[in-house]
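Undergrad: File name target_1.txt; file contents compact mmCIF, C-alpha atoms; full text below.
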```txt
# COMPACT_ATOMS: atom_id res chain seq x y z
CA MET A 1 -137.34 -8.78 -225.52
CA GLY A 2 -135.37 -11.98 -225.10
CA SER A 3 -133.57 -14.15 -222.65
CA GLY A 4 -130.69 -11.78 -222.10
CA GLU A 5 -127.93 -14.08 -223.42
CA SER A 6 -125.27 -12.42 -225.58
CA ASP A 7 -124.96 -13.15 -229.26
CA ILE A 8 -121.60 -14.87 -228.64
CA GLU A 9 -123.09 -17.34 -226.15
CA ALA A 10 -126.31 -18.06 -228.01
CA LEU A 11 -126.85 -21.35 -229.79
CA LEU A 12 -130.25 -20.23 -231.08
CA GLU A 13 -130.90 -16.55 -231.73
CA ILE A 14 -134.28 -15.38 -233.02
CA ARG A 15 -134.33 -11.70 -233.96
CA ASN A 16 -137.42 -9.60 -234.66
CA LEU A 17 -139.26 -12.51 -236.27
CA HIS A 18 -142.44 -11.60 -238.13
CA ALA A 19 -144.16 -14.50 -239.88
CA GLY A 20 -147.53 -15.88 -240.87
CA ILE A 21 -149.54 -18.02 -243.25
CA ASP A 22 -151.95 -17.19 -246.08
CA ASP A 23 -151.49 -13.42 -245.64
CA THR A 24 -152.32 -13.71 -241.92
CA GLN A 25 -149.59 -12.44 -239.61
CA ILE A 26 -149.10 -14.73 -236.62
CA LEU A 27 -145.71 -13.85 -235.14
CA LYS A 28 -145.30 -10.12 -234.58
CA GLY A 29 -141.70 -9.53 -233.65
CA ILE A 30 -140.24 -12.43 -231.63
CA ASP A 31 -136.82 -12.15 -229.96
CA LEU A 32 -135.39 -15.19 -228.22
CA SER A 33 -131.91 -16.40 -227.28
CA ILE A 34 -130.94 -19.86 -225.99
CA ALA A 35 -127.43 -20.83 -224.88
CA PRO A 36 -125.88 -24.31 -225.11
CA GLY A 37 -127.05 -26.63 -222.34
CA GLU A 38 -130.20 -24.60 -221.73
CA ILE A 39 -133.84 -25.64 -221.94
CA HIS A 40 -136.41 -22.93 -222.61
CA ALA A 41 -140.19 -23.21 -222.80
CA ILE A 42 -142.81 -21.27 -224.72
CA MET A 43 -146.27 -21.26 -223.18
CA GLY A 44 -149.48 -19.75 -224.50
CA ARG A 45 -153.07 -20.34 -225.46
CA ASN A 46 -154.14 -22.09 -228.65
CA GLY A 47 -153.57 -19.77 -231.59
CA SER A 48 -150.93 -17.67 -229.85
CA GLY A 49 -148.22 -18.68 -232.34
CA LYS A 50 -146.32 -21.39 -230.45
CA THR A 51 -146.46 -24.09 -233.13
CA THR A 52 -145.93 -21.46 -235.83
CA ALA A 53 -142.60 -20.61 -234.19
CA ALA A 54 -141.59 -24.29 -234.27
CA ASN A 55 -142.58 -24.62 -237.92
CA ILE A 56 -140.66 -21.50 -238.88
CA ILE A 57 -137.47 -22.74 -237.20
CA MET A 58 -137.78 -26.11 -238.95
CA GLY A 59 -138.70 -24.59 -242.33
CA HIS A 60 -142.32 -25.61 -242.97
CA PRO A 61 -143.05 -24.40 -246.53
CA ASP A 62 -146.58 -23.16 -245.73
CA PHE A 63 -145.29 -20.39 -243.46
CA GLU A 64 -143.83 -17.14 -244.76
CA VAL A 65 -141.24 -15.06 -242.94
CA GLU A 66 -141.86 -11.37 -243.44
CA GLU A 67 -138.94 -10.05 -241.42
CA GLY A 68 -136.25 -11.19 -239.02
CA ASP A 69 -133.58 -13.85 -238.59
CA VAL A 70 -133.30 -17.30 -237.04
CA LEU A 71 -129.66 -18.08 -236.31
CA LEU A 72 -128.21 -21.43 -235.25
CA SER A 73 -124.57 -21.08 -234.17
CA GLY A 74 -124.50 -17.85 -236.17
CA GLU A 75 -125.88 -19.34 -239.40
CA ASN A 76 -129.24 -18.10 -240.66
CA LEU A 77 -131.54 -21.11 -240.87
CA LEU A 78 -133.95 -19.17 -243.06
CA ASP A 79 -131.47 -19.59 -245.93
CA LEU A 80 -131.63 -23.40 -245.69
CA GLU A 81 -134.11 -26.05 -246.85
CA PRO A 82 -135.76 -28.14 -244.11
CA TRP A 83 -133.52 -31.16 -244.78
CA GLU A 84 -130.46 -28.89 -244.58
CA ARG A 85 -131.63 -27.59 -241.22
CA ALA A 86 -131.94 -31.17 -240.00
CA ARG A 87 -128.38 -31.86 -241.16
CA GLU A 88 -127.23 -28.74 -239.32
CA GLY A 89 -128.67 -30.18 -236.12
CA VAL A 90 -132.30 -29.05 -235.78
CA PHE A 91 -134.68 -31.70 -234.42
CA LEU A 92 -138.46 -31.31 -234.29
CA SER A 93 -140.59 -33.58 -232.14
CA PHE A 94 -143.99 -33.62 -233.81
CA GLN A 95 -147.21 -33.13 -231.92
CA TYR A 96 -148.80 -35.89 -234.03
CA PRO A 97 -146.05 -38.24 -235.36
CA GLN A 98 -146.88 -40.13 -238.53
CA ALA A 99 -146.99 -43.94 -238.74
CA VAL A 100 -144.70 -45.68 -241.24
CA PRO A 101 -145.99 -49.26 -241.68
CA GLY A 102 -143.31 -51.66 -242.88
CA LEU A 103 -140.35 -49.75 -241.44
CA GLN A 104 -139.02 -51.33 -238.25
CA VAL A 105 -138.04 -49.05 -235.39
CA GLY A 106 -134.57 -50.59 -235.06
CA ASN A 107 -133.75 -50.08 -238.74
CA PHE A 108 -135.17 -46.57 -238.67
CA LEU A 109 -133.03 -45.58 -235.70
CA ARG A 110 -129.84 -47.04 -237.15
CA LYS A 111 -130.35 -45.35 -240.51
CA SER A 112 -131.27 -42.04 -238.87
CA VAL A 113 -128.14 -42.04 -236.72
CA ALA A 114 -125.99 -42.98 -239.72
CA SER A 115 -127.49 -40.13 -241.74
CA ILE A 116 -127.08 -37.45 -239.06
CA ARG A 117 -124.03 -38.54 -237.04
CA GLY A 118 -122.21 -40.68 -239.61
CA GLU A 119 -121.99 -44.37 -240.45
CA GLU A 120 -119.52 -45.21 -237.68
CA ALA A 121 -121.88 -43.88 -234.99
CA ALA A 122 -124.51 -46.42 -236.05
CA LYS A 123 -122.26 -49.48 -235.91
CA GLY A 124 -121.02 -51.98 -233.37
CA ALA A 125 -121.15 -52.36 -229.61
CA ASP A 126 -121.00 -48.64 -228.86
CA PHE A 127 -124.24 -47.98 -230.76
CA ARG A 128 -125.98 -50.93 -229.11
CA ARG A 129 -124.89 -49.77 -225.66
CA GLU A 130 -126.04 -46.22 -226.36
CA LEU A 131 -129.37 -47.49 -227.67
CA ASN A 132 -129.92 -49.76 -224.68
CA GLU A 133 -129.11 -47.01 -222.19
CA ALA A 134 -131.53 -44.60 -223.88
CA MET A 135 -134.28 -47.23 -223.96
CA ASP A 136 -133.73 -47.94 -220.26
CA THR A 137 -134.01 -44.22 -219.44
CA LEU A 138 -137.34 -44.09 -221.27
CA ASP A 139 -138.61 -47.44 -219.97
CA ILE A 140 -138.90 -48.85 -223.51
CA PRO A 141 -138.83 -52.68 -223.85
CA ARG A 142 -136.42 -54.32 -226.30
CA ASN A 143 -139.22 -55.79 -228.45
CA PHE A 144 -140.12 -52.21 -229.36
CA LEU A 145 -137.30 -52.32 -231.94
CA SER A 146 -139.11 -54.90 -234.08
CA ARG A 147 -142.33 -52.89 -234.31
CA TYR A 148 -143.16 -50.59 -237.21
CA VAL A 149 -142.58 -46.86 -236.74
CA ASN A 150 -145.55 -45.34 -234.86
CA ASP A 151 -147.83 -48.05 -236.29
CA GLY A 152 -150.36 -48.85 -233.57
CA PHE A 153 -148.37 -46.94 -230.97
CA SER A 154 -150.21 -45.46 -228.02
CA GLY A 155 -149.85 -41.74 -227.38
CA GLY A 156 -147.28 -42.41 -224.69
CA GLU A 157 -145.26 -44.76 -226.91
CA LYS A 158 -145.13 -42.14 -229.66
CA LYS A 159 -143.78 -39.54 -227.26
CA ARG A 160 -141.20 -41.91 -225.80
CA PHE A 161 -140.09 -42.83 -229.32
CA GLU A 162 -139.63 -39.15 -230.19
CA ILE A 163 -137.40 -38.63 -227.16
CA LEU A 164 -135.50 -41.85 -227.95
CA GLN A 165 -134.68 -40.33 -231.35
CA LEU A 166 -133.60 -37.12 -229.62
CA GLN A 167 -131.18 -38.96 -227.35
CA LEU A 168 -129.63 -40.95 -230.19
CA LEU A 169 -129.41 -38.20 -232.82
CA ARG A 170 -127.84 -35.64 -230.45
CA PRO A 171 -129.05 -32.56 -232.34
CA LYS A 172 -127.79 -29.07 -231.61
CA LEU A 173 -131.33 -27.80 -231.12
CA ALA A 174 -134.38 -29.84 -230.10
CA ILE A 175 -137.84 -28.32 -230.60
CA LEU A 176 -140.40 -30.30 -228.64
CA ASP A 177 -143.94 -29.41 -229.72
CA GLU A 178 -146.54 -30.50 -227.14
CA THR A 179 -144.38 -33.47 -226.23
CA ASP A 180 -146.37 -33.86 -222.99
CA SER A 181 -149.70 -34.16 -224.81
CA GLY A 182 -151.60 -37.32 -223.87
CA LEU A 183 -149.07 -38.49 -221.27
CA ASP A 184 -149.99 -39.67 -217.80
CA ILE A 185 -148.01 -38.61 -214.73
CA ASP A 186 -145.46 -41.44 -215.04
CA GLY A 187 -145.09 -40.79 -218.77
CA ILE A 188 -144.38 -37.10 -218.18
CA LYS A 189 -141.68 -37.95 -215.64
CA THR A 190 -140.08 -40.45 -218.01
CA VAL A 191 -140.10 -38.11 -221.01
CA ALA A 192 -138.75 -35.27 -218.87
CA ALA A 193 -135.88 -37.51 -217.72
CA GLY A 194 -135.08 -38.26 -221.36
CA VAL A 195 -135.06 -34.56 -222.28
CA ASN A 196 -132.79 -33.71 -219.36
CA ALA A 197 -130.44 -36.56 -220.26
CA ALA A 198 -130.20 -35.32 -223.85
CA ILE A 199 -129.60 -31.64 -223.07
CA ARG A 200 -128.24 -30.96 -219.59
CA GLY A 201 -124.46 -30.78 -219.47
CA THR A 202 -124.13 -30.84 -223.28
CA GLU A 203 -123.57 -28.29 -226.04
CA SER A 204 -127.16 -28.80 -227.24
CA ALA A 205 -130.29 -26.83 -226.33
CA ALA A 206 -134.04 -27.41 -226.31
CA LEU A 207 -137.19 -25.37 -226.81
CA ILE A 208 -140.31 -26.93 -225.29
CA ILE A 209 -143.70 -25.75 -226.55
CA THR A 210 -146.55 -26.51 -224.19
CA HIS A 211 -149.86 -25.38 -222.74
CA TYR A 212 -149.23 -26.72 -219.26
CA SER A 213 -146.63 -26.67 -216.51
CA ARG A 214 -146.68 -30.43 -215.87
CA ILE A 215 -143.59 -31.40 -217.85
CA LEU A 216 -141.83 -28.19 -216.81
CA GLU A 217 -142.08 -29.23 -213.16
CA HIS A 218 -139.68 -32.08 -214.00
CA VAL A 219 -137.55 -30.46 -216.70
CA ARG A 220 -137.15 -27.17 -214.76
CA PRO A 221 -136.46 -24.94 -217.77
CA ASP A 222 -133.94 -22.13 -217.53
CA LYS A 223 -136.50 -19.70 -218.91
CA VAL A 224 -140.23 -19.68 -219.62
CA HIS A 225 -141.56 -17.32 -222.30
CA VAL A 226 -145.24 -16.39 -222.53
CA LEU A 227 -146.52 -15.92 -226.06
CA ILE A 228 -149.78 -14.03 -226.52
CA ASP A 229 -151.10 -12.84 -229.88
CA GLY A 230 -147.77 -13.42 -231.60
CA ARG A 231 -145.66 -11.55 -229.05
CA ILE A 232 -143.57 -12.61 -226.08
CA VAL A 233 -145.17 -10.62 -223.27
CA ALA A 234 -143.21 -12.05 -220.33
CA THR A 235 -140.12 -14.10 -219.56
CA GLY A 236 -139.31 -15.70 -216.23
CA GLY A 237 -138.10 -18.84 -214.51
CA PRO A 238 -139.94 -22.11 -213.81
CA GLU A 239 -142.09 -20.32 -211.24
CA LEU A 240 -143.76 -18.40 -214.08
CA ALA A 241 -145.13 -21.66 -215.50
CA THR A 242 -146.58 -22.54 -212.09
CA GLU A 243 -148.22 -19.14 -211.81
CA LEU A 244 -149.77 -19.53 -215.24
CA GLU A 245 -151.08 -22.96 -214.30
CA GLU A 246 -152.71 -21.52 -211.19
CA ASN A 247 -154.04 -18.24 -212.58
CA GLY A 248 -154.39 -18.72 -216.35
CA TYR A 249 -153.34 -16.13 -218.95
CA ASP A 250 -155.78 -13.30 -218.27
CA TRP A 251 -153.63 -11.68 -215.57
CA ILE A 252 -150.63 -11.44 -217.87
CA GLU A 253 -152.41 -10.47 -221.08
CA GLY A 254 -151.59 -6.98 -222.20
CA ARG A 255 -148.07 -7.01 -220.78
CA VAL A 256 -146.54 -6.68 -224.25
CA GLY A 257 -142.92 -5.73 -223.94
CA ALA A 258 -142.43 -6.97 -220.37
CA GLU A 259 -138.95 -8.34 -219.90
CA SER A 260 -139.52 -10.55 -216.88
CA VAL A 261 -141.89 -11.54 -214.13
CA ALA A 262 -140.62 -11.75 -210.57
```
What's the structure tokens form of this structure?

TA:
Amino acid sequence: MGSGESDIEALLEIRNLHAGIDDTQILKGIDLSIAPGEIHAIMGRNGSGKTTAANIIMGHPDFEVEEGDVLLSGENLLDLEPWERAREGVFLSFQYPQAVPGLQVGNFLRKSVASIRGEEAAKGADFRRELNEAMDTLDIPRNFLSRYVNDGFSGGEKKRFEILQLQLLRPKLAILDETDSGLDIDGIKTVAAGVNAAIRGTESAALIITHYSRILEHVRPDKVHVLIDGRIVATGGPELATELEENGYDWIEGRVGAESVA
């Protein structure tokens, strides 16, 4: 199972991934390949293993990999600590971002860019122009920079802030876990525009984890993967997400091993 991209073209390559937590197996042999410039989505019910996959890629210490590989540009991420994965270009947008009272957004963004992209990238007029353009894309007012990180933010503000970080940090791989959660229609459109701006036409890639097709209607992912009981049971285009939204998961359950859905 997989997206059909060759190993040479793949930015992210997940091979036969078996993983779980507390002696409970959750992922039962995942294969997935994403090429540069692509956006893929994983859809599934609660408990299907979607967030587990995100945590495994990022290196959450509570999860144990039993078998398999997770390769980023040919390097096995499973050999790296979480902070090393971040330095290698893995970005995780949290479903529930933590507040950091006392740390201003502007300072946080500048220091984050300096840490990931280098000191020069966080200096001068070029950084300010890049920041302003990203904030305009996401409809974020300038006074946002003086607020404390996620402190008192609405759900929509937290999601916009996550995508603002994505645009500025320019990671190789963005994992967006339920980034559409709690957003209204306008918020979904805005966040989707930010994701497209960060990934389309670049050497980066994104993996969106979601229950619903709403954000996918605007992002238009290259591939949609359906995860049921720890296995990818179907892979298709954006139309697969629409079909799931209309018909639910019952019709597709049991299709373990299916390569694609017309």

Undergrad: Hey, could you make a per-residue contact list for range 6-37 of chain A against range 221-228 of chain A with 12 Å as the cut-off, showing the nearest pair of atoms and its distance in Å to one decimal, counting only C-alpha atoms, sorted by chain and number, as CSV?

TA:
```
residue,atom,partner,partner_atom,distance
A:Ile26,CA,A:Ile228,CA,10.1
A:Leu27,CA,A:Leu227,CA,9.3
A:Lys28,CA,A:Ile228,CA,10.0
A:Gly29,CA,A:Leu227,CA,11.0
A:Ile30,CA,A:Leu227,CA,9.1
A:Asp31,CA,A:His225,CA,10.4
A:Leu32,CA,A:His225,CA,8.8
A:Ser33,CA,A:Lys223,CA,10.1
A:Ile34,CA,A:Lys223,CA,9.0
A:Ala35,CA,A:Asp222,CA,9.9
A:Pro36,CA,A:Asp222,CA,11.3
A:Gly37,CA,A:Asp222,CA,9.5
```

Undergrad: What lies within 10 Å of Trp83 in chain A using all atoms listed in the file, ignoring chain neighbours under 6 positions off, as a ChimeraX atom specification?

TA: /A:58-59,89-90

Undergrad: Using only C-alpha atoms, which residue out of A:Leu11, A:Ala193, A:Leu17, A:Leu103 lies closest to Asp69 in chain A?

TA: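 Comparing A:Leu11, A:Ala193, A:Leu17, A:Leu103 against Asp69 in chain A, the winner is A:Leu17.
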
Undergrad: Quick one: of A:Ala19, A:Ala174, A:Ala121, A:Ile140, who's nearest to Leu78 in chain A, counting only C-alpha atoms?

TA: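 Under the stated criterion, the closest residue is A:Ala19.
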
Undergrad: Counting only C-alpha atoms, which residue out of A:Glu239, A:Glu157, A:Asp177, A:Asp126 sits closest to Leu138 in chain A?

TA: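 The answer is A:Glu157, which sits nearest to Leu138 in chain A.
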
Undergrad: Which of these residues is nearest to Ile14 in chain A, using only C-alpha atoms: A:Ala206, A:Ile252, A:Leu240, A:Leu71?

TA: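 Among the listed residues, the smallest separation from Ile14 in chain A belongs to A:Leu71.
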
Undergrad: Just give me the gap between CA of Gly49 in chain A and CA of Asp229 in chain A in Å, one decimal is fine.

TA: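 Atom-to-atom, CA of Gly49 in chain A and CA of Asp229 in chain A are spaced 7.0 Å apart.
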
Undergrad: Please compute the CA of Ala197 in chain A-CA of Ile57 in chain A distance, one decimal, in Å.

TA: 23.0 Å

Undergrad: To one decimal place in Å, what is the distance between CA of Gly237 in chain A and CA of Tyr249 in chain A?

TA: 16.1 Å

Undergrad: Go ahead and find all residues with at least one atom no further than 10 Å from (-142.6, -32.0, -214.4) in the file's coordinates, using only C-alpha atoms; report them as a PDB file with C-alpha atoms, keeping the file's coordinate frame.

TA:
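As written to disk, selection-v3.pdb reads:
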```
ATOM      1  CA  ASP A 180    -146.370 -33.860-222.990  1.00  0.00           C
ATOM      2  CA  ILE A 185    -148.010 -38.610-214.730  1.00  0.00           C
ATOM      3  CA  ASP A 186    -145.460 -41.440-215.040  1.00  0.00           C
ATOM      4  CA  ILE A 188    -144.380 -37.100-218.180  1.00  0.00           C
ATOM      5  CA  LYS A 189    -141.680 -37.950-215.640  1.00  0.00           C
ATOM      6  CA  THR A 190    -140.080 -40.450-218.010  1.00  0.00           C
ATOM      7  CA  VAL A 191    -140.100 -38.110-221.010  1.00  0.00           C
ATOM      8  CA  ALA A 192    -138.750 -35.270-218.870  1.00  0.00           C
ATOM      9  CA  ALA A 193    -135.880 -37.510-217.720  1.00  0.00           C
ATOM     10  CA  TYR A 212    -149.230 -26.720-219.260  1.00  0.00           C
ATOM     11  CA  SER A 213    -146.630 -26.670-216.510  1.00  0.00           C
ATOM     12  CA  ARG A 214    -146.680 -30.430-215.870  1.00  0.00           C
ATOM     13  CA  ILE A 215    -143.590 -31.400-217.850  1.00  0.00           C
ATOM     14  CA  LEU A 216    -141.830 -28.190-216.810  1.00  0.00           C
ATOM     15  CA  GLU A 217    -142.080 -29.230-213.160  1.00  0.00           C
ATOM     16  CA  HIS A 218    -139.680 -32.080-214.000  1.00  0.00           C
ATOM     17  CA  VAL A 219    -137.550 -30.460-216.700  1.00  0.00           C
ATOM     18  CA  ARG A 220    -137.150 -27.170-214.760  1.00  0.00           C
ATOM     19  CA  PRO A 221    -136.460 -24.940-217.770  1.00  0.00           C
TER      20      PRO A 221
END
```

Undergrad: So, with all atoms listed in the file as the atoms that count, which of A:Ala198, A:Leu176, A:Ala10, A:Ala86 lies closest to Ser73 in chain A?

TA: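 Nearest to Ser73 in chain A: A:Ala10.
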
Undergrad: Nearest residue to Glu178 in chain A out of A:Arg231, A:Lys111, A:Lys50, A:Arg129, using only C-alpha atoms?

TA: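 Nearest candidate to Glu178 in chain A out of A:Arg231, A:Lys111, A:Lys50, A:Arg129: A:Lys50.
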
Undergrad: Grab all the atoms of range 85-93 of chain A that the file lists, wrap them in a box along x, y and z, add 3 Å per side, and give me centre plus edge lengths in Å (one decimal) as lines of an AutoDock Vina configuration file.

TA:
```
center_x = -133.9
center_y = -30.6
center_z = -236.7
size_x = 19.4
size_y = 12.0
size_z = 15.1
```

Undergrad: Distance cut-off 7 Å, centre (-138.4, -9.8, -240.1) in file coordinates, counting all atoms listed in the file: which residues qualify? Return them as a PyMOL selection string.

TA: chain A and resi 16-18+65-69
